[in-house]
Every structure is written in structure tokens, then in C-alpha cells.
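**Q** So here's structure_32.json (JSON, C-alpha atoms).
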```
[["chain", "number", "residue", "atom", "x", "y", "z"],
["A", 1402, "MET", "CA", 44.81, -57.59, 55.75],
["A", 1403, "GLU", "CA", 43.54, -60.80, 57.32],
["A", 1404, "LEU", "CA", 43.08, -64.10, 55.53],
["A", 1405, "ARG", "CA", 39.58, -64.31, 56.99],
["A", 1406, "VAL", "CA", 38.64, -61.06, 55.26],
["A", 1407, "LEU", "CA", 40.02, -62.35, 51.96],
["A", 1408, "ARG", "CA", 37.76, -65.39, 52.28],
["A", 1409, "TYR", "CA", 34.82, -63.07, 52.97],
["A", 1410, "PHE", "CA", 35.67, -61.04, 49.88],
["A", 1411, "LEU", "CA", 35.89, -64.12, 47.63],
["A", 1412, "GLU", "CA", 32.60, -65.53, 48.89],
["A", 1413, "ALA", "CA", 30.88, -62.20, 48.23],
["A", 1414, "ALA", "CA", 32.42, -62.05, 44.75],
["A", 1415, "ARG", "CA", 31.26, -65.60, 43.96],
["A", 1416, "GLU", "CA", 27.72, -65.05, 45.27],
["A", 1417, "GLY", "CA", 27.22, -61.57, 43.83],
["A", 1418, "ASN", "CA", 24.96, -60.88, 46.79],
["A", 1419, "VAL", "CA", 26.01, -59.82, 50.31],
["A", 1420, "THR", "CA", 23.03, -61.42, 52.05],
["A", 1421, "HIS", "CA", 23.59, -64.81, 50.38],
["A", 1422, "ALA", "CA", 27.34, -64.64, 51.03],
["A", 1423, "ALA", "CA", 26.75, -63.81, 54.70],
["A", 1424, "GLN", "CA", 24.46, -66.82, 55.04],
["A", 1425, "ARG", "CA", 27.11, -69.12, 53.55],
["A", 1426, "LEU", "CA", 29.78, -67.64, 55.80],
["A", 1427, "HIS", "CA", 27.54, -67.83, 58.90],
["A", 1428, "VAL", "CA", 27.99, -64.15, 59.72],
["A", 1429, "SER", "CA", 25.46, -61.34, 59.78],
["A", 1430, "GLN", "CA", 24.88, -59.23, 56.70],
["A", 1431, "PRO", "CA", 25.94, -55.97, 58.46],
["A", 1432, "THR", "CA", 29.16, -57.65, 59.66],
["A", 1433, "LEU", "CA", 30.06, -58.80, 56.15],
["A", 1434, "SER", "CA", 29.20, -55.40, 54.62],
["A", 1435, "ARG", "CA", 31.41, -53.66, 57.16],
["A", 1436, "GLN", "CA", 34.32, -56.04, 56.53],
["A", 1437, "LEU", "CA", 34.09, -55.46, 52.77],
["A", 1438, "LYS", "CA", 33.93, -51.68, 53.24],
["A", 1439, "ASP", "CA", 36.95, -51.77, 55.59],
["A", 1440, "LEU", "CA", 38.85, -53.79, 52.98],
["A", 1441, "GLU", "CA", 38.08, -51.20, 50.30],
["A", 1442, "ASP", "CA", 39.22, -48.43, 52.66],
["A", 1443, "GLU", "CA", 42.46, -50.32, 53.39],
["A", 1444, "LEU", "CA", 43.21, -50.77, 49.67],
["A", 1445, "GLY", "CA", 42.02, -47.28, 48.72],
["A", 1446, "LYS", "CA", 40.02, -48.75, 45.83],
["A", 1447, "LYS", "CA", 36.38, -49.59, 45.25],
["A", 1448, "LEU", "CA", 36.08, -53.35, 44.76],
["A", 1449, "PHE", "CA", 32.32, -53.63, 44.16],
["A", 1450, "THR", "CA", 29.58, -51.69, 42.49],
["A", 1451, "ARG", "CA", 26.44, -52.09, 44.57],
["A", 1452, "SER", "CA", 22.74, -52.14, 43.70],
["A", 1453, "ASN", "CA", 19.69, -52.98, 45.79],
["A", 1454, "TYR", "CA", 19.91, -56.70, 45.13],
["A", 1455, "SER", "CA", 23.40, -57.49, 43.93],
["A", 1456, "ILE", "CA", 27.07, -56.55, 43.92],
["A", 1457, "LYS", "CA", 29.45, -56.71, 40.99],
["A", 1458, "LEU", "CA", 33.24, -56.58, 40.90],
["A", 1459, "THR", "CA", 34.90, -53.46, 39.54],
["A", 1460, "GLU", "CA", 38.04, -53.76, 37.40],
["A", 1461, "GLU", "CA", 40.07, -53.27, 40.58],
["A", 1462, "GLY", "CA", 37.91, -55.92, 42.24],
["A", 1463, "MET", "CA", 38.62, -58.43, 39.47],
["A", 1464, "LEU", "CA", 42.36, -57.85, 39.86],
["A", 1465, "PHE", "CA", 42.12, -58.19, 43.63],
["A", 1466, "ARG", "CA", 40.08, -61.40, 43.27],
["A", 1467, "LYS", "CA", 42.96, -63.03, 41.39],
["A", 1468, "ARG", "CA", 45.45, -61.86, 44.01],
["A", 1469, "ALA", "CA", 43.24, -63.02, 46.87],
["A", 1470, "GLU", "CA", 42.83, -66.48, 45.31],
["A", 1471, "ASP", "CA", 46.61, -66.78, 44.94],
["A", 1472, "ILE", "CA", 47.26, -65.62, 48.52],
["A", 1473, "LEU", "CA", 44.74, -68.02, 50.02],
["A", 1474, "GLU", "CA", 45.90, -70.93, 47.89],
["A", 1475, "MET", "CA", 49.48, -70.34, 49.02],
["A", 1476, "ALA", "CA", 48.40, -69.92, 52.66],
["A", 1477, "ASP", "CA", 46.39, -73.15, 52.57],
["A", 1478, "LYS", "CA", 49.24, -75.01, 50.88],
["A", 1479, "THR", "CA", 51.73, -73.73, 53.49],
["A", 1480, "LEU", "CA", 49.45, -74.68, 56.38],
["A", 1481, "ALA", "CA", 48.96, -78.17, 54.95],
["A", 1482, "GLU", "CA", 52.73, -78.60, 54.52],
["A", 1483, "PHE", "CA", 53.44, -77.67, 58.13],
["A", 1484, "LYS", "CA", 50.68, -79.94, 59.40],
["A", 1485, "ALA", "CA", 52.26, -82.76, 57.39],
["A", 1486, "LEU", "CA", 55.80, -82.27, 58.73],
["A", 1487, "ASP", "CA", 55.27, -84.99, 61.34],
["A", 1488, "GLU", "CA", 52.97, -87.05, 59.11],
["A", 1489, "VAL", "CA", 55.53, -89.36, 57.51],
["A", 1490, "ASN", "CA", 52.89, -91.52, 55.86],
["A", 1491, "GLY", "CA", 50.83, -88.80, 54.19],
["A", 1492, "GLY", "CA", 50.51, -85.23, 52.99],
["A", 1493, "ASP", "CA", 49.53, -83.21, 49.94],
["A", 1494, "ILE", "CA", 51.42, -82.94, 46.65],
["A", 1495, "HIS", "CA", 50.51, -80.32, 44.03],
["A", 1496, "ILE", "CA", 51.26, -81.19, 40.41],
["A", 1497, "GLY", "CA", 50.78, -79.19, 37.23],
["A", 1498, "CYS", "CA", 50.17, -81.22, 34.13],
["A", 1499, "ALA", "CA", 50.05, -80.62, 30.40],
["A", 1500, "GLU", "CA", 47.57, -82.75, 28.44],
["A", 1501, "SER", "CA", 49.15, -86.03, 27.38],
["A", 1502, "ASN", "CA", 48.69, -89.78, 27.53],
["A", 1503, "GLY", "CA", 52.39, -89.83, 28.34],
["A", 1504, "ILE", "CA", 51.72, -89.09, 32.01],
["A", 1505, "ALA", "CA", 50.89, -92.77, 32.57],
["A", 1506, "PRO", "CA", 54.42, -93.66, 33.85],
["A", 1507, "PHE", "CA", 54.19, -90.72, 36.27],
["A", 1508, "ILE", "CA", 50.85, -92.00, 37.59],
["A", 1509, "ARG", "CA", 52.34, -95.46, 38.04],
["A", 1510, "ALA", "CA", 55.15, -93.93, 40.13],
["A", 1511, "ILE", "CA", 52.57, -92.23, 42.35],
["A", 1512, "GLN", "CA", 50.73, -95.54, 42.71],
["A", 1513, "LYS", "CA", 53.93, -97.19, 43.94],
["A", 1514, "LEU", "CA", 54.39, -94.41, 46.47],
["A", 1515, "LYS", "CA", 50.79, -94.65, 47.70],
["A", 1516, "GLU", "CA", 51.23, -98.37, 48.33],
["A", 1517, "LYS", "CA", 53.83, -97.39, 50.94],
["A", 1518, "TYR", "CA", 52.18, -94.16, 52.08],
["A", 1519, "PRO", "CA", 48.43, -94.50, 51.50],
["A", 1520, "ARG", "CA", 47.55, -91.14, 53.06],
["A", 1521, "ILE", "CA", 49.41, -89.14, 50.42],
["A", 1522, "ARG", "CA", 47.02, -87.01, 48.34],
["A", 1523, "CYS", "CA", 47.78, -85.56, 44.91],
["A", 1524, "HIS", "CA", 46.16, -82.42, 43.55],
["A", 1525, "PHE", "CA", 46.44, -82.00, 39.78],
["A", 1526, "TYR", "CA", 46.22, -78.73, 37.87],
["A", 1527, "SER", "CA", 45.82, -79.24, 34.13],
["A", 1528, "SER", "CA", 46.54, -76.48, 31.63],
["A", 1529, "GLY", "CA", 48.96, -75.42, 28.94],
["A", 1530, "THR", "CA", 52.67, -75.40, 29.72],
["A", 1531, "ASP", "CA", 52.87, -71.61, 30.16],
["A", 1532, "ALA", "CA", 50.11, -71.56, 32.79],
["A", 1533, "VAL", "CA", 51.60, -74.58, 34.57],
["A", 1534, "ASN", "CA", 55.05, -72.98, 34.68],
["A", 1535, "GLU", "CA", 53.59, -69.77, 36.07],
["A", 1536, "ARG", "CA", 51.98, -71.62, 38.98],
["A", 1537, "LEU", "CA", 55.20, -73.53, 39.60],
["A", 1538, "ASP", "CA", 57.16, -70.26, 39.71],
["A", 1539, "ARG", "CA", 54.70, -68.78, 42.21],
["A", 1540, "GLY", "CA", 55.14, -71.74, 44.53],
["A", 1541, "LEU", "CA", 51.62, -73.10, 44.04],
["A", 1542, "LEU", "CA", 52.92, -76.39, 42.61],
["A", 1543, "ASP", "CA", 55.58, -78.85, 43.74],
["A", 1544, "PHE", "CA", 56.14, -80.41, 40.31],
["A", 1545, "ALA", "CA", 55.11, -79.76, 36.74],
["A", 1546, "ILE", "CA", 54.92, -82.08, 33.75],
["A", 1547, "ILE", "CA", 55.66, -80.12, 30.60],
["A", 1548, "ILE", "CA", 55.91, -80.84, 26.89],
["A", 1549, "GLN", "CA", 58.72, -78.56, 25.80],
["A", 1550, "GLU", "CA", 62.43, -78.14, 26.43],
["A", 1551, "VAL", "CA", 63.41, -77.27, 30.00],
["A", 1552, "ASP", "CA", 64.71, -73.86, 31.10],
["A", 1553, "LEU", "CA", 67.85, -75.16, 32.82],
["A", 1554, "GLU", "CA", 68.50, -71.86, 34.58],
["A", 1555, "LYS", "CA", 65.25, -72.15, 36.54],
["A", 1556, "TYR", "CA", 64.41, -75.84, 36.88],
["A", 1557, "ASN", "CA", 65.73, -79.27, 37.71],
["A", 1558, "TYR", "CA", 64.19, -82.06, 35.68],
["A", 1559, "LEU", "CA", 63.73, -85.72, 34.91],
["A", 1560, "LYS", "CA", 62.98, -86.85, 31.37],
["A", 1561, "MET", "CA", 59.94, -89.07, 30.99],
["A", 1562, "PRO", "CA", 60.26, -92.31, 29.00],
["A", 1563, "SER", "CA", 57.39, -91.33, 26.68],
["A", 1564, "GLN", "CA", 56.90, -88.72, 24.00],
["A", 1565, "ASP", "CA", 53.87, -87.44, 22.14],
["A", 1566, "HIS", "CA", 53.26, -87.87, 18.41],
["A", 1567, "TRP", "CA", 51.67, -85.08, 16.41],
["A", 1568, "GLY", "CA", 49.05, -85.59, 13.75],
["A", 1569, "LEU", "CA", 45.87, -84.25, 12.19],
["A", 1570, "ILE", "CA", 42.49, -84.86, 13.83],
["A", 1571, "MET", "CA", 39.62, -84.58, 11.36],
["A", 1572, "ARG", "CA", 36.20, -85.92, 10.50],
["A", 1573, "LYS", "CA", 36.18, -89.33, 8.86],
["A", 1574, "ASP", "CA", 34.40, -87.87, 5.85],
["A", 1575, "HIS", "CA", 37.24, -85.37, 5.27],
["A", 1576, "PRO", "CA", 39.21, -85.98, 2.02],
["A", 1577, "LEU", "CA", 42.49, -86.30, 3.96],
["A", 1578, "ALA", "CA", 41.03, -89.14, 6.04],
["A", 1579, "ASN", "CA", 41.88, -91.44, 3.12],
["A", 1580, "HIS", "CA", 45.60, -90.72, 3.62],
["A", 1581, "SER", "CA", 47.75, -92.94, 5.83],
["A", 1582, "CYS", "CA", 49.81, -89.91, 6.92],
["A", 1583, "ILE", "CA", 49.75, -86.15, 6.47],
["A", 1584, "HIS", "CA", 52.41, -84.18, 4.60],
["A", 1585, "LEU", "CA", 53.15, -80.48, 4.68],
["A", 1586, "ASN", "CA", 51.53, -79.74, 1.32],
["A", 1587, "ASP", "CA", 48.29, -81.38, 2.54],
["A", 1588, "LEU", "CA", 47.83, -78.64, 5.16],
["A", 1589, "THR", "CA", 48.32, -75.42, 3.25],
["A", 1590, "GLU", "CA", 44.74, -75.12, 1.96],
["A", 1591, "ILE", "CA", 42.56, -76.49, 4.78],
["A", 1592, "PRO", "CA", 41.32, -74.57, 7.88],
["A", 1593, "LEU", "CA", 43.55, -75.47, 10.82],
["A", 1594, "ILE", "CA", 43.22, -75.24, 14.59],
["A", 1595, "LEU", "CA", 46.66, -75.05, 16.24],
["A", 1596, "SER", "CA", 48.06, -75.12, 19.76],
["A", 1597, "ARG", "CA", 49.31, -71.67, 20.80],
["A", 1598, "GLN", "CA", 52.33, -73.21, 22.47],
["A", 1599, "ALA", "CA", 53.11, -75.37, 19.44],
["A", 1600, "MET", "CA", 53.03, -72.31, 17.19],
["A", 1601, "ARG", "CA", 56.06, -71.05, 19.12],
["A", 1602, "GLU", "CA", 57.81, -74.38, 19.63],
["A", 1603, "GLU", "CA", 57.20, -77.38, 17.35],
["A", 1604, "MET", "CA", 55.32, -75.89, 14.40],
["A", 1605, "PRO", "CA", 58.06, -73.52, 13.15],
["A", 1606, "ARG", "CA", 60.46, -76.48, 13.21],
["A", 1607, "TRP", "CA", 58.12, -78.68, 11.15],
["A", 1608, "PHE", "CA", 56.48, -76.14, 8.82],
["A", 1609, "GLY", "CA", 59.45, -73.84, 8.27],
["A", 1610, "GLU", "CA", 58.59, -70.89, 6.03],
["A", 1611, "ALA", "CA", 55.33, -72.57, 4.98],
["A", 1612, "GLN", "CA", 53.79, -71.68, 8.36],
["A", 1613, "ASP", "CA", 53.00, -68.21, 7.00],
["A", 1614, "LYS", "CA", 50.83, -69.81, 4.29],
["A", 1615, "LEU", "CA", 48.61, -71.76, 6.68],
["A", 1616, "ASN", "CA", 44.91, -70.99, 7.05],
["A", 1617, "ILE", "CA", 44.76, -70.85, 10.87],
["A", 1618, "VAL", "CA", 41.12, -70.38, 11.94],
["A", 1619, "ALA", "CA", 41.58, -70.87, 15.71],
["A", 1620, "THR", "CA", 44.13, -71.62, 18.44],
["A", 1621, "TYR", "CA", 43.80, -73.63, 21.65],
["A", 1622, "ASP", "CA", 45.44, -74.48, 24.98],
["A", 1623, "LEU", "CA", 43.72, -77.79, 25.84],
["A", 1624, "LEU", "CA", 42.69, -80.19, 23.13],
["A", 1625, "PHE", "CA", 39.32, -81.65, 24.14],
["A", 1626, "ASN", "CA", 37.06, -78.73, 23.14],
["A", 1627, "THR", "CA", 38.63, -78.70, 19.69],
["A", 1628, "SER", "CA", 36.96, -82.06, 18.99],
["A", 1629, "VAL", "CA", 33.63, -80.22, 19.04],
["A", 1630, "MET", "CA", 35.02, -77.71, 16.53],
["A", 1631, "VAL", "CA", 36.10, -80.54, 14.24],
["A", 1632, "ARG", "CA", 32.71, -82.25, 14.46],
["A", 1633, "GLU", "CA", 31.04, -78.96, 13.54],
["A", 1634, "ASN", "CA", 33.31, -78.76, 10.46],
["A", 1635, "PHE", "CA", 35.02, -75.61, 11.77],
["A", 1636, "GLY", "CA", 38.47, -76.97, 10.92],
["A", 1637, "CYS", "CA", 41.00, -79.76, 11.47],
["A", 1638, "VAL", "CA", 43.20, -79.91, 14.55],
["A", 1639, "LEU", "CA", 46.92, -80.51, 14.82],
["A", 1640, "GLY", "CA", 47.34, -82.29, 18.14],
["A", 1641, "PHE", "CA", 48.65, -85.28, 20.04],
["A", 1642, "ASP", "CA", 47.55, -88.82, 19.34],
["A", 1643, "GLY", "CA", 45.32, -90.43, 21.96],
["A", 1644, "LEU", "CA", 43.82, -87.34, 23.61],
["A", 1645, "VAL", "CA", 40.66, -87.31, 21.49],
["A", 1646, "TYR", "CA", 38.85, -90.61, 20.95],
["A", 1647, "THR", "CA", 39.14, -91.65, 17.30],
["A", 1648, "GLY", "CA", 38.18, -95.34, 17.56],
["A", 1649, "PRO", "CA", 36.05, -97.36, 15.13],
["A", 1650, "ASP", "CA", 32.76, -95.93, 16.41],
["A", 1651, "SER", "CA", 33.97, -92.33, 16.43],
["A", 1652, "ASP", "CA", 33.20, -89.84, 13.68],
["A", 1653, "LEU", "CA", 36.78, -88.52, 14.00],
["A", 1654, "CYS", "CA", 40.13, -89.95, 12.93],
["A", 1655, "PHE", "CA", 43.82, -89.26, 13.53],
["A", 1656, "ARG", "CA", 46.57, -89.36, 10.89],
["A", 1657, "PRO", "CA", 50.24, -88.89, 11.87],
["A", 1658, "LEU", "CA", 52.43, -86.23, 10.34],
["A", 1659, "GLU", "CA", 55.16, -87.27, 7.90],
["A", 1660, "PRO", "CA", 58.00, -86.66, 8.55],
["A", 1661, "THR", "CA", 57.24, -87.63, 12.13],
["A", 1662, "LEU", "CA", 56.95, -84.81, 14.67],
["A", 1663, "THR", "CA", 57.27, -85.71, 18.37],
["A", 1664, "SER", "CA", 57.44, -83.71, 21.60],
["A", 1665, "PRO", "CA", 59.46, -84.78, 24.66],
["A", 1666, "MET", "CA", 58.00, -84.78, 28.16],
["A", 1667, "TYR", "CA", 59.73, -83.68, 31.37],
["A", 1668, "ILE", "CA", 59.02, -83.56, 35.09],
["A", 1669, "ILE", "CA", 60.38, -80.26, 36.42],
["A", 1670, "TRP", "CA", 60.69, -78.50, 39.77],
["A", 1671, "LYS", "CA", 62.24, -75.22, 40.84],
["A", 1672, "LYS", "CA", 65.93, -75.12, 41.65],
["A", 1673, "TYR", "CA", 66.64, -74.88, 45.38],
["A", 1674, "GLN", "CA", 63.03, -75.79, 46.12],
["A", 1675, "VAL", "CA", 62.24, -76.85, 49.68],
["A", 1676, "PHE", "CA", 59.84, -79.78, 49.53],
["A", 1677, "SER", "CA", 57.27, -81.01, 52.01],
["A", 1678, "PRO", "CA", 57.89, -84.56, 53.32],
["A", 1679, "ALA", "CA", 55.30, -85.98, 50.91],
["A", 1680, "ALA", "CA", 56.77, -84.17, 47.90],
["A", 1681, "SER", "CA", 60.27, -85.31, 48.91],
["A", 1682, "LEU", "CA", 59.07, -88.90, 48.99],
["A", 1683, "LEU", "CA", 57.61, -88.52, 45.52],
["A", 1684, "LEU", "CA", 60.83, -87.03, 44.19],
["A", 1685, "GLU", "CA", 62.76, -90.03, 45.51],
["A", 1686, "GLU", "CA", 60.29, -92.37, 43.79],
["A", 1687, "LEU", "CA", 60.50, -90.43, 40.53],
["A", 1688, "LYS", "CA", 64.30, -90.58, 40.58],
["A", 1689, "ARG", "CA", 64.16, -94.34, 41.11],
["A", 1690, "ASN", "CA", 61.86, -94.68, 38.10],
["A", 1691, "PHE", "CA", 63.21, -92.03, 35.70],
["A", 1692, "GLY", "CA", 66.62, -90.97, 37.04]]
```
What is this file in C-alpha cells?

**A**
Amino acid sequence: MELRVLRYFLEAAREGNVTHAAQRLHVSQPTLSRQLKDLEDELGKKLFTRSNYSIKLTEEGMLFRKRAEDILEMADKTLAEFKALDEVNGGDIHIGCAESNGIAPFIRAIQKLKEKYPRIRCHFYSSGTDAVNERLDRGLLDFAIIIQEVDLEKYNYLKMPSQDHWGLIMRKDHPLANHSCIHLNDLTEIPLILSRQAMREEMPRWFGEAQDKLNIVATYDLLFNTSVMVRENFGCVLGFDGLVYTGPDSDLCFRPLEPTLTSPMYIIWKKYQVFSPAASLLLEELKRNFG
């Protein structure tokens, strides 16, 4: 199975049309069709259903698409790392990042590094902690910034100097907007939108047995889209301060939880990880700043 054929497959899957994909790949339509058929024969599975004008992924094709994307991403990352071995002033660094204003010190550390090595490039992947950890485990990331306790059996870490504060994000015309802070008994009757990760980590610690009494109408991974839900009066969101704009001209507001609930932030990397030169330089800078 050649990497070139995987790229052909992904382009065909994205276009949904062999002729259009062949044009983008600068190959003939018969050549691309033959390569896709040979790939199906090699795997022993049908990857596309075909009609006169389009192609559509089968269930096996959707699974293979995910695998092909992972394989090519790892291949491209490996090639870039080897090209950068002699490039002491540059290279690519791949970083997974949970949503938080607390990443500012991390960004400042990268800025310091880029002043010395201006050709270093950083590629950020933003998602929930579980998805970030999965990519780190598969070798697609060099570092991850997470908002939960570290699995010390799998990762080395540095603790960030910042932490996130939890509170309720709601419309300014909501009755609880008149409160200076939000207590547990304020939340038992209103529709709530909660982080899936927090429901396993922070929320049981803060709510205790009362968590079973909550009216949870939705869950989320990343916070921004929930601001639309709040504006549409779908519910109120428990989330971090500063990620959704709640300034004077906003129709939303943030009120902190009482007692205070905070989440720590860590930079992690796999134990025994072999870094590229650029990632090694960043690790040295991070240790100077946070070690």
C-alpha cells in the first residue's frame, strides 16, 4: 500500500467524483479509477459505492478514510522531522490544546523561542482533553496542554502557572444574572449545558450527590458554540471564564461558582518520547519558564 495511493483515495473521498479528483491530482480518470479498484482488491473490501456521476464512501470506506488520514499525517510529520534534523534554526512542532485563556504563558514561551529560531513553526490542534490525549498517544503531537490531572504512568509534565475558574454563562436577562456568584442550589432547577469531560472530573467533586438532580439539556467539548445555545435560550452553560465574550456590550454574562471551582493546567508529553530538534528546543524553553 503506497502513500501515493492513500492520497488518491482521500482526494476521491473528498471530491465525491472520480473525474474531479483526477483533475485535482493531475492524473487521468482511468488511472485514478484503476488505482482505487486495486486498493479495494488489496484490502478485500469495497470502499466506494459508485453511480454515473458520483462516488460515496461505504462504511468500510469511512473507516479506511480515518486510517488513511492518520497514516499520511504521521508520514508527513516524520518526513518533516527528518528534513529538520540539520535545520537547527527551524522545524515544525505539533501541539494539542484544550480551550483556555491560560495558554497565554505557553504562547509567550514560544515567542521567546521564535526570537532565537524564527523559522520554527507551530501547528495547533484544539479539542477536548480526551481527543488531544489520543493524538498525543498516536504520535501525532509533540506536546499537549490539558486541563485535568496527569496520568503519571504515561506522561511527563510541567504545571502551568495559571488555572481556569468555573462559572455560569447566561443571558443578562436571566434571573440568576442578578447574583454576584452562583451556588449549588441555584442550579438544580435550570436547564444546564455541561462539558462532557467536566461531568467525569470536576462536576462530581463540586456537585456531589446533587449532580443526579440536575436538568442537563446538552453536553459539549468546546465552549464557543454553546454561546449560541445560551443566546437562543436553550440553557445556561457551566464553563471557564474568559472563553466567551461577556463584556458590557454583550448580551451574555458570567458569574463564578461559590465555593470556587478551579481546574489546573499542564503541559504533557509521552514518556521516553524522541523529539525533533525544534520540539527539543521548545521543551528546554518550557522548562526554563515553568520547571

**Q** Name the closest residue to Asp1442 of chain A among the candidates A:Met1402, A:Arg1597, A:Glu1602, A:Gln1430; distances are taken between atoms, counting all atoms listed in the file.

**A**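 Checking each candidate against Asp1442 of chain A, we get A:Met1402 as the closest.
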
**Q** Closest to Glu1516 of chain A among A:Ile1617, A:Gly1491, A:Lys1555, A:Ala1414, using only C-alpha atoms?

**A**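 That would be A:Gly1491, the residue with the smallest distance to Glu1516 of chain A.
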
**Q** Please give the centre and size of the box around segment 1464-1470 of chain A (axis-aligned, containing every atom listed in the file, 8 Å added per side), with values in Å to one decimal and written as JSON.

**A**
```
{"center_x": 42.8, "center_y": -62.2, "center_z": 43.4, "size_x": 21.4, "size_y": 24.6, "size_z": 23.0}
```

**Q** Can you list every residue of segment 1555-1593 of chain A that has an atom at most 9 Å from segment 1637-1661 of chain A, with its nearest atom pair and the distance in Å to one decimal, using all atoms listed in the file, ordered by chain then number, as a tab-separated table?

**A**
```
residue	atom	partner	partner_atom	distance
A:Asp1565	CA	A:Phe1641	CA	6.0
A:His1566	CA	A:Phe1641	CA	5.5
A:Trp1567	CA	A:Phe1641	CA	4.7
A:Gly1568	CA	A:Pro1657	CA	4.0
A:Leu1569	CA	A:Leu1639	CA	4.7
A:Ile1570	CA	A:Phe1655	CA	4.6
A:Met1571	CA	A:Cys1637	CA	5.0
A:Arg1572	CA	A:Leu1653	CA	4.4
A:Lys1573	CA	A:Leu1653	CA	5.2
A:Asp1574	CA	A:Asp1652	CA	8.2
A:Leu1577	CA	A:Arg1656	CA	8.6
A:Ala1578	CA	A:Cys1654	CA	7.0
A:His1580	CA	A:Arg1656	CA	7.5
A:Ser1581	CA	A:Arg1656	CA	6.3
A:Cys1582	CA	A:Pro1657	CA	5.1
A:Ile1583	CA	A:Leu1658	CA	4.7
A:His1584	CA	A:Glu1659	CA	5.3
A:Leu1585	CA	A:Glu1659	CA	7.8
A:Ile1591	CA	A:Cys1637	CA	7.6
A:Pro1592	CA	A:Cys1637	CA	6.3
A:Leu1593	CA	A:Cys1637	CA	5.0
```

**Q** Between atom CA of Gln1549 of chain A and atom CA of Tyr1526 of chain A, what is the distance, to one decimal in Å?

**A**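 Computing it gives 17.4 Å between the two atoms.
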
**Q** So that I can check the surroundings of Ser1596 of chain A, please list as a list in words every protein, DNA and RNA residue that reaches within 7 Å of it, counting all atoms listed in the file and ignoring chain neighbours fewer than 5 positions away.

**A**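 Listing them by chain and then by number gives Thr1620, Tyr1621 and Asp1622 of chain A.
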
**Q** Taking into account only C-alpha atoms, which residue in the set A:Glu1412, A:Asp1538, A:Asp1439, A:Asp1613 is nearest to Thr1589 of chain A?

**A**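 Smallest distance to Thr1589 of chain A is found for A:Asp1613.
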
**Q** Which neighbours of segment 1665-1671 of chain A fall inside 6 Å, counting only C-alpha atoms, when residues of the same chain fewer than 4 positions from it are skipped, and could you give them as a list in words?

**A**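 Listed by chain and then number, they are Phe1544, Ala1545, Ile1546, Ile1547, Ile1548, Tyr1556, Asn1557, Tyr1558, Leu1559, Lys1560, Met1561 and Gln1564 of chain A.
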
**Q** One number please: atom CA of Glu1590 of chain A to atom CA of Asn1616 of chain A, in Å, one decimal.

**A**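 Computing the Euclidean distance for atom CA of Glu1590 of chain A and atom CA of Asn1616 of chain A yields 6.6 Å.
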
**Q** What is the atom CA of Ser1528 of chain A-atom CA of Gly1540 of chain A distance in Å, reported with one decimal?

**A**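 Atom-to-atom, atom CA of Ser1528 of chain A to atom CA of Gly1540 of chain A, that is 16.2 Å.
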
**Q** Identify the residues within 12 Å of coordinate (36.9, -51.8, 45.4) (same frame as the file), considering all atoms listed in the file, and give the answer as a list in words.

**A** Phe1410, Ala1414, Leu1437, Lys1438, Asp1439, Leu1440, Glu1441, Asp1442, Glu1443, Leu1444, Gly1445, Lys1446, Lys1447, Leu1448, Phe1449, Thr1450, Arg1451, Ile1456, Lys1457, Leu1458, Thr1459, Glu1460, Glu1461, Gly1462, Met1463, Leu1464, Phe1465 and Arg1466 of chain A

**Q** Using only C-alpha atoms, which of A:Lys1688, A:Arg1415, A:Arg1468, A:Lys1672 sits nearest Leu1553 of chain A?

**A**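 Smallest distance to Leu1553 of chain A is found for A:Lys1672.
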
**Q** List the spatial neighbours of Ile1496 of chain A as an mmCIF file with C-alpha atoms, in the frame of the given file - criterion: any atom at most 9 Å away, only C-alpha atoms, same-chain residues fewer than 2 positions off excluded.

**A**
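Now in selection-v2.cif:
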```
data_model
loop_
_atom_site.group_PDB
_atom_site.id
_atom_site.type_symbol
_atom_site.label_atom_id
_atom_site.label_comp_id
_atom_site.auth_asym_id
_atom_site.auth_seq_id
_atom_site.Cartn_x
_atom_site.Cartn_y
_atom_site.Cartn_z
ATOM 1 C CA ILE A 1494 51.420 -82.940 46.650
ATOM 2 C CA CYS A 1498 50.170 -81.220 34.130
ATOM 3 C CA CYS A 1523 47.780 -85.560 44.910
ATOM 4 C CA HIS A 1524 46.160 -82.420 43.550
ATOM 5 C CA PHE A 1525 46.440 -82.000 39.780
ATOM 6 C CA TYR A 1526 46.220 -78.730 37.870
ATOM 7 C CA SER A 1527 45.820 -79.240 34.130
ATOM 8 C CA VAL A 1533 51.600 -74.580 34.570
ATOM 9 C CA LEU A 1537 55.200 -73.530 39.600
ATOM 10 C CA LEU A 1541 51.620 -73.100 44.040
ATOM 11 C CA LEU A 1542 52.920 -76.390 42.610
ATOM 12 C CA ASP A 1543 55.580 -78.850 43.740
ATOM 13 C CA PHE A 1544 56.140 -80.410 40.310
ATOM 14 C CA ALA A 1545 55.110 -79.760 36.740
ATOM 15 C CA ILE A 1546 54.920 -82.080 33.750
#
```

**Q** As a short mmCIF file (atom, residue, chain, number, x, y, z; two decimals), keeping the file's coordinate frame, please: segment 1578-1588 of chain A completed to N, CA and C atoms.

**A**
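See part_16.cif below for the written result:
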```cif
data_model
loop_
_atom_site.label_atom_id
_atom_site.label_comp_id
_atom_site.auth_asym_id
_atom_site.auth_seq_id
_atom_site.Cartn_x
_atom_site.Cartn_y
_atom_site.Cartn_z
N ALA A 1578 41.19 -87.93 5.23
CA ALA A 1578 41.03 -89.14 6.04
C ALA A 1578 41.42 -90.38 5.26
N ASN A 1579 41.45 -90.30 3.94
CA ASN A 1579 41.88 -91.44 3.12
C ASN A 1579 43.39 -91.61 3.10
N HIS A 1580 44.14 -90.64 3.60
CA HIS A 1580 45.60 -90.72 3.62
C HIS A 1580 46.07 -91.52 4.83
N SER A 1581 47.17 -92.21 4.69
CA SER A 1581 47.75 -92.94 5.83
C SER A 1581 48.57 -92.02 6.71
N CYS A 1582 49.06 -90.92 6.17
CA CYS A 1582 49.81 -89.91 6.92
C CYS A 1582 49.61 -88.55 6.24
N ILE A 1583 50.00 -87.51 6.95
CA ILE A 1583 49.75 -86.15 6.47
C ILE A 1583 51.08 -85.45 6.19
N HIS A 1584 51.21 -84.90 4.98
CA HIS A 1584 52.41 -84.18 4.60
C HIS A 1584 52.15 -82.67 4.63
N LEU A 1585 53.23 -81.93 4.58
CA LEU A 1585 53.15 -80.48 4.68
C LEU A 1585 52.22 -79.89 3.63
N ASN A 1586 52.34 -80.34 2.38
CA ASN A 1586 51.53 -79.74 1.32
C ASN A 1586 50.05 -80.09 1.44
N ASP A 1587 49.70 -81.07 2.31
CA ASP A 1587 48.29 -81.38 2.54
C ASP A 1587 47.60 -80.31 3.38
N LEU A 1588 48.38 -79.51 4.13
CA LEU A 1588 47.83 -78.64 5.16
C LEU A 1588 47.72 -77.19 4.74
#
```
